[in-house]
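Enquirer: Before I ask anything, here is the structure I am working with.
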Amino acid sequence: MTNRAEMTRRDILKSGAAASTVTLAPGVTLMAFGGTAEASSRADAGKRWGLLIDASKCDANCSDCVTACKVENGWGSEEELAGLNPGQAPEWIRKVTLRDKATGREVSAPVMCQHCEEPPCVDVCPTGASMKRDDGIVLVDRHICIGCRYCMMACPFKARSFVHEELTDQHVQAPRGKGTVESCNLCAPRIDSGRIPACVEACEKAGHSAILFGDLKDPDSPISKRLREYDSIALRDDLELNPGVRYTNL
Amino acid sequence: MRLVLAFLAAIGFAGGAAAGGSYPAVPAATGDPHPEGNDYWRLHHMDLLQHDRDKTVREGIRNLSPDDVAITASIGTCFDCHAVKDEQGEYVSFDDPRHFCRVCHDYAAVTIDCFECHRSTPANTTAYRTMAKPEDPDSIVAYLARLAQETSQ
């Protein structure tokens with residue numbers, strides 16, 4: 001049976017330390033055990049996960065990506081919204097429609113956390129809760145979030161929301177609770193277990209495939225090739241945040 | 001009279017605890033015991049949990065060795081063995097004093113905030129308990145294969 005205990009820890013105990021664990025315990029630190037087992041799912045610094053959203057493929061009447069995100073991460077249920085002022089509602093991802101005043105052309109696209117290379121939300125966080133993983137995913141470590149909401153102010157994309165009321169029966173893969181800030185984490189638990197983000201899967205299933213997911217650091221990945229071949233933009237390019245989410249045909 | 005009884009009860013309780021006789025009735029767990037032993041876990045569970053939370057959230061580690069298919073670095077795995085059911089056979093949440101965390105924490109008067117965000121009952125799905133297999137349609141490998149196929153067509 002594979003227990004949560006790492007082999008190193010088990011080995012130490014097998015080697016005879018078990019009997020003395022109790023008496024030695026105050027002097028035994030966790031660091032003595034950890035660190036040698038290299039996990040395969042570790043956020044890889046050699047990768048940078050990103051999205052390329054093709055607005056020409058996005059259907060204005062479709063919001064499957066938003067629904068999939070809600071289902072995956074358990075936010076925005078009717079029960080949750082019932083107790084909230086609409087301005088306090090959680091919003092990890094939203095559909096935005098842009099209209100060119102001169103021509104009347106309308107395009108639609110989802111907007112979520114843009115997973116900046118230089119994230120302002122990380123700069124302003126006083127506790128280190130707002131963080132960027134080695135693989136470029138920007139997320140909130142709610143274990144140490146104090147709910148000050150500086151990151152919400154700093155984000156130019158309005159990507160983050162705050163949990164105002166107590167919650168129960170959260171999804172096991174998406175813990176969230178009152179007093180902490182949350183946002184799109186590019187479905188980090190799914191990526192860590194080798195799966196694509198829920199919005200990408202939903203968009204593909206809806207037949208649009210408007211959201212392309214991939215590794216921006218790999219020059220041979222489909223997303224890198226597409227970015228190299230076609231024109232694309234970053235939202236608020238003037239801020240030079242180099243987001244991991246880019247748009248084309250917007 | 002009630003006060004006196006309460007006082008006597010308190011004295012008896014404290015005396016019993018000092019003698020090691022009235023520890024909380026910890027609900028029996030199922031499954032294999034922790035290899036480190038119960039005493040180690042009683043003393044260090046908070047450190048082990050904090051260690052794993054940083055590994056999962058900050059470092060993205062979900063399985064504990066490269067070939068491990070099971071996702072074990074999760075507070076959800078505690079419930080596999082420790083979850084407590086009520087008379088109706090439903091799992092009790094942290095709101096119930098019989099919840100396995102509360103039994104000891106109420107006794108020791110230590111407040112925990114884990115379950116303000118985490119669910120306190122076993123998950124209703126077994127998805128996310130294993131790493132994706134390449135043939136799974138939602139796996140990154142299968143997704144990239146589909147993209148490659150589209151490009152070649």
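Ordered as shown in the structure tokens, chains take letters A, B, and onward, while each chain numbers its residues from 1 and ligands are numbered from 1 in the order shown.
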Could you tell me which residues of chain B sit within 6 Å of chain A when counting only C-alpha atoms, and give me the result as a JSON list (two decimals) with N, CA and C atoms, in the first residue's frame?

Expert:
[["chain", "number", "residue", "atom", "x", "y", "z"],
["B", 59, "GLU", "N", 4.18, 24.08, -4.42],
["B", 59, "GLU", "CA", 5.09, 23.37, -5.31],
["B", 59, "GLU", "C", 4.35, 22.50, -6.32],
["B", 60, "GLY", "N", 3.06, 22.33, -6.12],
["B", 60, "GLY", "CA", 2.29, 21.57, -7.10],
["B", 60, "GLY", "C", 2.51, 20.07, -7.04],
["B", 61, "ILE", "N", 2.91, 19.55, -5.89],
["B", 61, "ILE", "CA", 3.16, 18.11, -5.77],
["B", 61, "ILE", "C", 1.90, 17.43, -5.25],
["B", 64, "LEU", "N", 3.34, 11.37, -4.29],
["B", 64, "LEU", "CA", 4.52, 11.50, -3.45],
["B", 64, "LEU", "C", 5.78, 10.82, -4.00],
["B", 65, "SER", "N", 5.65, 10.06, -5.07],
["B", 65, "SER", "CA", 6.84, 9.57, -5.75],
["B", 65, "SER", "C", 6.53, 9.51, -7.24],
["B", 66, "PRO", "N", 7.57, 9.55, -8.08],
["B", 66, "PRO", "CA", 7.35, 9.74, -9.52],
["B", 66, "PRO", "C", 6.37, 8.75, -10.14],
["B", 72, "THR", "N", -1.99, 11.33, -3.17],
["B", 72, "THR", "CA", -2.07, 11.08, -1.74],
["B", 72, "THR", "C", -1.81, 12.32, -0.90],
["B", 116, "GLU", "N", -12.82, 25.81, 7.30],
["B", 116, "GLU", "CA", -13.46, 27.00, 6.76],
["B", 116, "GLU", "C", -13.36, 26.99, 5.23],
["B", 117, "CYS", "N", -12.31, 26.34, 4.73],
["B", 117, "CYS", "CA", -12.15, 26.23, 3.28],
["B", 117, "CYS", "C", -12.30, 24.78, 2.79],
["B", 118, "HIS", "N", -11.68, 23.84, 3.50],
["B", 118, "HIS", "CA", -11.76, 22.44, 3.08],
["B", 118, "HIS", "C", -13.09, 21.84, 3.50],
["B", 119, "ARG", "N", -13.58, 20.90, 2.70],
["B", 119, "ARG", "CA", -14.77, 20.17, 3.12],
["B", 119, "ARG", "C", -14.36, 19.22, 4.25],
["B", 123, "ALA", "N", -15.13, 13.18, 0.04],
["B", 123, "ALA", "CA", -15.57, 13.71, -1.25],
["B", 123, "ALA", "C", -16.60, 12.79, -1.87],
["B", 131, "MET", "N", -3.55, 10.17, -10.86],
["B", 131, "MET", "CA", -2.97, 10.94, -11.94],
["B", 131, "MET", "C", -3.64, 10.50, -13.24],
["B", 132, "ALA", "N", -3.72, 11.43, -14.21],
["B", 132, "ALA", "CA", -4.38, 11.10, -15.47],
["B", 132, "ALA", "C", -3.57, 10.06, -16.23],
["B", 138, "ASP", "N", -9.33, 13.74, -21.12],
["B", 138, "ASP", "CA", -9.01, 15.05, -20.55],
["B", 138, "ASP", "C", -7.54, 15.18, -20.14],
["B", 139, "SER", "N", -6.73, 14.19, -20.50],
["B", 139, "SER", "CA", -5.31, 14.29, -20.14],
["B", 139, "SER", "C", -4.60, 15.23, -21.10],
["B", 140, "ILE", "N", -3.53, 15.85, -20.60],
["B", 140, "ILE", "CA", -2.77, 16.79, -21.42],
["B", 140, "ILE", "C", -2.17, 16.05, -22.63]]

Enquirer: Range 108-238 of chain A: which residues are strand (DSSP E or B) by DSSP, as a VMD selection string?

Expert: chain A and resid 108 to 112 116 130 to 132 138 to 140 161 to 162 171 174 181 to 182 195 211 to 215 233

Enquirer: Can you list, as a PyMOL selection string, every protein, DNA or RNA residue that comes within 12 Å of Phe94 in chain B when you count only C-alpha atoms, leaving out same-chain residues fewer than 5 positions away?

Expert: (chain A and resi 168-169) or (chain B and resi 79+83-85+99-103+105-106+111-122)

Enquirer: Leaving out Ser130 in chain A and any residue of its chain fewer than 4 positions from it, which residues lie within 12 Å of it when counting only C-alpha atoms, given as an mmCIF file with C-alpha atoms, in the first residue's frame?

Expert:
data_model
loop_
_atom_site.group_PDB
_atom_site.id
_atom_site.type_symbol
_atom_site.label_atom_id
_atom_site.label_comp_id
_atom_site.auth_asym_id
_atom_site.auth_seq_id
_atom_site.Cartn_x
_atom_site.Cartn_y
_atom_site.Cartn_z
ATOM 1 C CA HIS A 115 -1.273 34.602 -15.239
ATOM 2 C CA PRO A 119 1.987 39.801 -11.517
ATOM 3 C CA PRO A 120 1.045 43.005 -9.659
ATOM 4 C CA CYS A 121 -1.066 40.913 -7.250
ATOM 5 C CA VAL A 122 2.081 39.132 -6.100
ATOM 6 C CA ASP A 123 3.976 42.414 -5.741
ATOM 7 C CA VAL A 124 1.446 43.904 -3.353
ATOM 8 C CA CYS A 125 0.629 40.847 -1.208
ATOM 9 C CA PRO A 126 1.827 41.468 2.362
ATOM 10 C CA ILE A 137 0.519 29.756 -12.660
ATOM 11 C CA VAL A 138 -0.530 32.682 -10.459
ATOM 12 C CA LEU A 139 -2.737 31.712 -7.530
ATOM 13 C CA VAL A 140 -3.654 32.466 -3.921
ATOM 14 C CA ASP A 141 -2.286 30.241 -1.164
ATOM 15 C CA ARG A 142 -5.331 30.613 1.038
ATOM 16 C CA HIS A 143 -3.526 29.032 3.957
ATOM 17 C CA ILE A 144 -1.775 32.338 4.532
ATOM 18 C CA CYS A 145 -4.185 34.795 2.857
ATOM 19 C CA ILE A 146 -5.416 37.347 5.396
ATOM 20 C CA GLY A 147 -8.136 38.735 3.142
ATOM 21 C CA CYS A 148 -6.733 42.265 2.843
ATOM 22 C CA ARG A 149 -7.702 42.384 -0.853
ATOM 23 C CA TYR A 150 -4.713 44.466 -1.952
ATOM 24 C CA CYS A 151 -4.309 41.993 -4.817
ATOM 25 C CA MET A 152 -7.850 42.689 -6.001
ATOM 26 C CA ALA A 154 -3.730 45.739 -7.957
ATOM 27 C CA CYS A 155 -5.100 43.415 -10.643
ATOM 28 C CA ARG A 160 -9.954 38.182 -8.387
ATOM 29 C CA THR A 180 -9.872 34.797 1.494
ATOM 30 C CA VAL A 181 -9.319 35.959 -2.070
ATOM 31 C CA GLU A 182 -9.660 33.577 -4.984
ATOM 32 C CA SER A 183 -9.216 33.527 -8.723
ATOM 33 C CA ASN A 185 -5.615 29.058 -10.913
ATOM 34 C CA VAL B 57 -0.291 24.456 -3.146
ATOM 35 C CA ARG B 58 3.080 26.100 -3.595
#

Enquirer: Could you tell me how far CA of Pro97 in chain B sits from CA of Ala25 in chain B, in Å to one decimal place?

Expert: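 Separation of CA of Ala25 in chain B and CA of Pro97 in chain B: 11.5 Å.
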